[in-house]
Amino acid sequence: MSWSGKLIAEFAELLAVDQPLRVLQDPPWWLVTLGGSAAALAFWWLGPFSSAAVALSSIWLWLGVVVWQPLIEELLFRGLIQGQLLHATWGPRAAYGISVANLLTSLLFVAAHWLHHAPLWALAVLPPSLIFGWLRERHQNTWSPFVTHAAYNLAFFVGAALAAG
């Protein structure tokens, strides 16, 4: 293998994209993906929110929010950060199925959202982030949390668009 091929393979392993997506036969994956998507969709009927501010007006915005944003966030947070934290001796230690690596990564995920969102909105990403981290560890790849994250974003913004009328 050439040096460039080795470099690409090492980078793919670092980001945990070197393993195939094998979730279709995993009932817990279906449960958290469909259940979380249903919760994101139903969110807009729980209270008086200003959905017009988040209803997306173009296919490019939809692609950005449903594909590119989850892809970049999952590669960075679950692939790079959580992956590296899992290599620390304390990283894989877990309580109630949540590893230290997952918890720290999720807190960083909340902090990143805090930069552009109100505090309660930023805190609202903690439960999904813990789910994404759990999926990353369960399936040993970042494809699983990416697909789930994309499904959550799609459902959330479809709910916003429907609530906007």
# chains A, B, ... in the order shown; residues from 1 in each chain; ligands from 1
call {"tool": "select_by_dssp", "arguments": {"residues": "chain A", "states": "alpha helix (DSSP H)", "output": "PyMOL selection string"}}
result
chain A and resi 3-14+27-42+59-63+69-73+82-87+100-114+119-123+126-139+143-164
call {"tool": "write_last_selection", "arguments": {"atoms": "C-alpha atoms", "output": "tab-separated table (two decimals), in the first residue's frame"}}
result
chain	number	residue	atom	x	y	z
A	3	TRP	CA	2.05	6.04	1.82
A	4	SER	CA	-1.03	8.02	0.77
A	5	GLY	CA	-3.20	4.90	1.04
A	6	LYS	CA	-1.81	4.20	4.51
A	7	LEU	CA	-2.43	7.80	5.52
A	8	ILE	CA	-6.04	7.64	4.33
A	9	ALA	CA	-6.57	4.29	6.11
A	10	GLU	CA	-5.12	5.67	9.36
A	11	PHE	CA	-7.28	8.80	9.10
A	12	ALA	CA	-10.39	6.67	8.44
A	13	GLU	CA	-9.54	4.56	11.50
A	14	LEU	CA	-8.95	7.69	13.60
A	27	PRO	CA	-33.25	-3.31	17.54
A	28	PRO	CA	-31.79	-0.78	20.03
A	29	TRP	CA	-30.54	1.33	17.10
A	30	TRP	CA	-34.01	1.32	15.54
A	31	LEU	CA	-35.54	2.20	18.91
A	32	VAL	CA	-33.32	5.23	19.60
A	33	THR	CA	-33.40	6.41	15.98
A	34	LEU	CA	-37.15	6.15	15.43
A	35	GLY	CA	-38.05	7.07	19.02
A	36	GLY	CA	-35.79	10.12	19.05
A	37	SER	CA	-37.05	11.18	15.64
A	38	ALA	CA	-40.65	10.91	16.83
A	39	ALA	CA	-39.77	12.98	19.90
A	40	ALA	CA	-38.07	15.63	17.74
A	41	LEU	CA	-41.08	15.76	15.42
A	42	ALA	CA	-43.54	15.98	18.34
A	59	ILE	CA	-33.01	22.57	-0.27
A	60	TRP	CA	-29.45	23.74	0.43
A	61	LEU	CA	-30.34	24.68	4.00
A	62	TRP	CA	-32.07	21.31	4.43
A	63	LEU	CA	-29.01	19.49	3.12
A	69	GLN	CA	-23.92	19.48	9.94
A	70	PRO	CA	-24.47	15.99	11.46
A	71	LEU	CA	-21.62	14.56	9.38
A	72	ILE	CA	-19.12	17.20	10.48
A	73	GLU	CA	-20.27	17.12	14.11
A	82	GLN	CA	-14.60	10.54	21.77
A	83	GLY	CA	-12.37	8.14	19.87
A	84	GLN	CA	-9.26	9.66	21.41
A	85	LEU	CA	-10.80	9.82	24.89
A	86	LEU	CA	-11.66	6.12	24.63
A	87	HIS	CA	-7.91	5.40	24.36
A	100	VAL	CA	-16.49	8.84	30.69
A	101	ALA	CA	-15.39	9.50	27.09
A	102	ASN	CA	-19.02	9.80	26.00
A	103	LEU	CA	-19.93	12.10	28.90
A	104	LEU	CA	-16.98	14.45	28.32
A	105	THR	CA	-17.59	14.50	24.57
A	106	SER	CA	-21.27	15.27	25.16
A	107	LEU	CA	-20.41	18.13	27.51
A	108	LEU	CA	-18.16	19.55	24.79
A	109	PHE	CA	-21.00	19.08	22.30
A	110	VAL	CA	-23.30	21.11	24.57
A	111	ALA	CA	-20.61	23.78	24.97
A	112	ALA	CA	-20.26	24.04	21.19
A	113	HIS	CA	-24.03	24.49	20.83
A	114	TRP	CA	-23.97	27.07	23.64
A	119	PRO	CA	-28.65	27.99	27.19
A	120	LEU	CA	-31.77	25.78	27.41
A	121	TRP	CA	-31.54	24.92	23.70
A	122	ALA	CA	-27.87	24.06	24.15
A	123	LEU	CA	-28.62	21.86	27.17
A	126	LEU	CA	-27.21	16.60	25.91
A	127	PRO	CA	-29.56	13.57	25.79
A	128	PRO	CA	-29.22	13.11	22.00
A	129	SER	CA	-25.46	13.56	22.29
A	130	LEU	CA	-25.25	10.82	24.92
A	131	ILE	CA	-27.24	8.58	22.57
A	132	PHE	CA	-24.91	9.38	19.66
A	133	GLY	CA	-21.90	8.57	21.85
A	134	TRP	CA	-23.47	5.33	23.03
A	135	LEU	CA	-24.11	4.33	19.41
A	136	ARG	CA	-20.53	5.19	18.48
A	137	GLU	CA	-19.24	2.81	21.13
A	138	ARG	CA	-21.87	0.14	20.49
A	139	HIS	CA	-21.15	-0.07	16.76
A	143	TRP	CA	-21.76	6.01	10.71
A	144	SER	CA	-24.35	4.88	13.24
A	145	PRO	CA	-24.47	8.16	15.21
A	146	PHE	CA	-24.34	10.14	11.96
A	147	VAL	CA	-27.44	8.43	10.54
A	148	THR	CA	-29.29	8.83	13.84
A	149	HIS	CA	-28.22	12.49	14.17
A	150	ALA	CA	-29.38	13.16	10.59
A	151	ALA	CA	-32.73	11.49	11.32
A	152	TYR	CA	-33.19	13.60	14.47
A	153	ASN	CA	-32.38	16.82	12.61
A	154	LEU	CA	-34.69	15.90	9.75
A	155	ALA	CA	-37.57	15.15	12.13
A	156	PHE	CA	-36.92	18.30	14.17
A	157	PHE	CA	-36.99	20.59	11.14
A	158	VAL	CA	-39.94	18.80	9.51
A	159	GLY	CA	-41.80	19.43	12.78
A	160	ALA	CA	-40.78	23.08	12.68
A	161	ALA	CA	-41.92	23.41	9.08
A	162	LEU	CA	-45.26	21.74	9.82
A	163	ALA	CA	-45.82	23.93	12.88
A	164	ALA	CA	-45.02	27.02	10.79
call {"tool": "select_by_dssp", "arguments": {"residues": "chain A", "states": "strand (DSSP E)", "output": "PyMOL selection string"}}
result
chain A and resi 94-95+98-99
call {"tool": "closest_residue", "arguments": {"among": "A:Thr89, A:Gln25, A:Ser2, A:Thr142", "to": "A:Leu76", "atoms": "only C-alpha atoms"}}
result
A:Thr142
call {"tool": "atom_distance", "arguments": {"atom1": "atom CA of A:Gly79", "atom2": "atom CA of A:Ala16"}}
result
5.4 Å
call {"tool": "atom_distance", "arguments": {"atom1": "atom CA of A:Gly91", "atom2": "atom CA of A:Val17"}}
result
19.8 Å
call {"tool": "atom_distance", "arguments": {"atom1": "atom CA of A:Trp68", "atom2": "atom CA of A:Leu115"}}
result
18.7 Å
call {"tool": "closest_residue", "arguments": {"among": "A:Val125, A:Val23, A:Leu15, A:Met1", "to": "A:Arg78", "atoms": "only C-alpha atoms"}}
result
A:Leu15
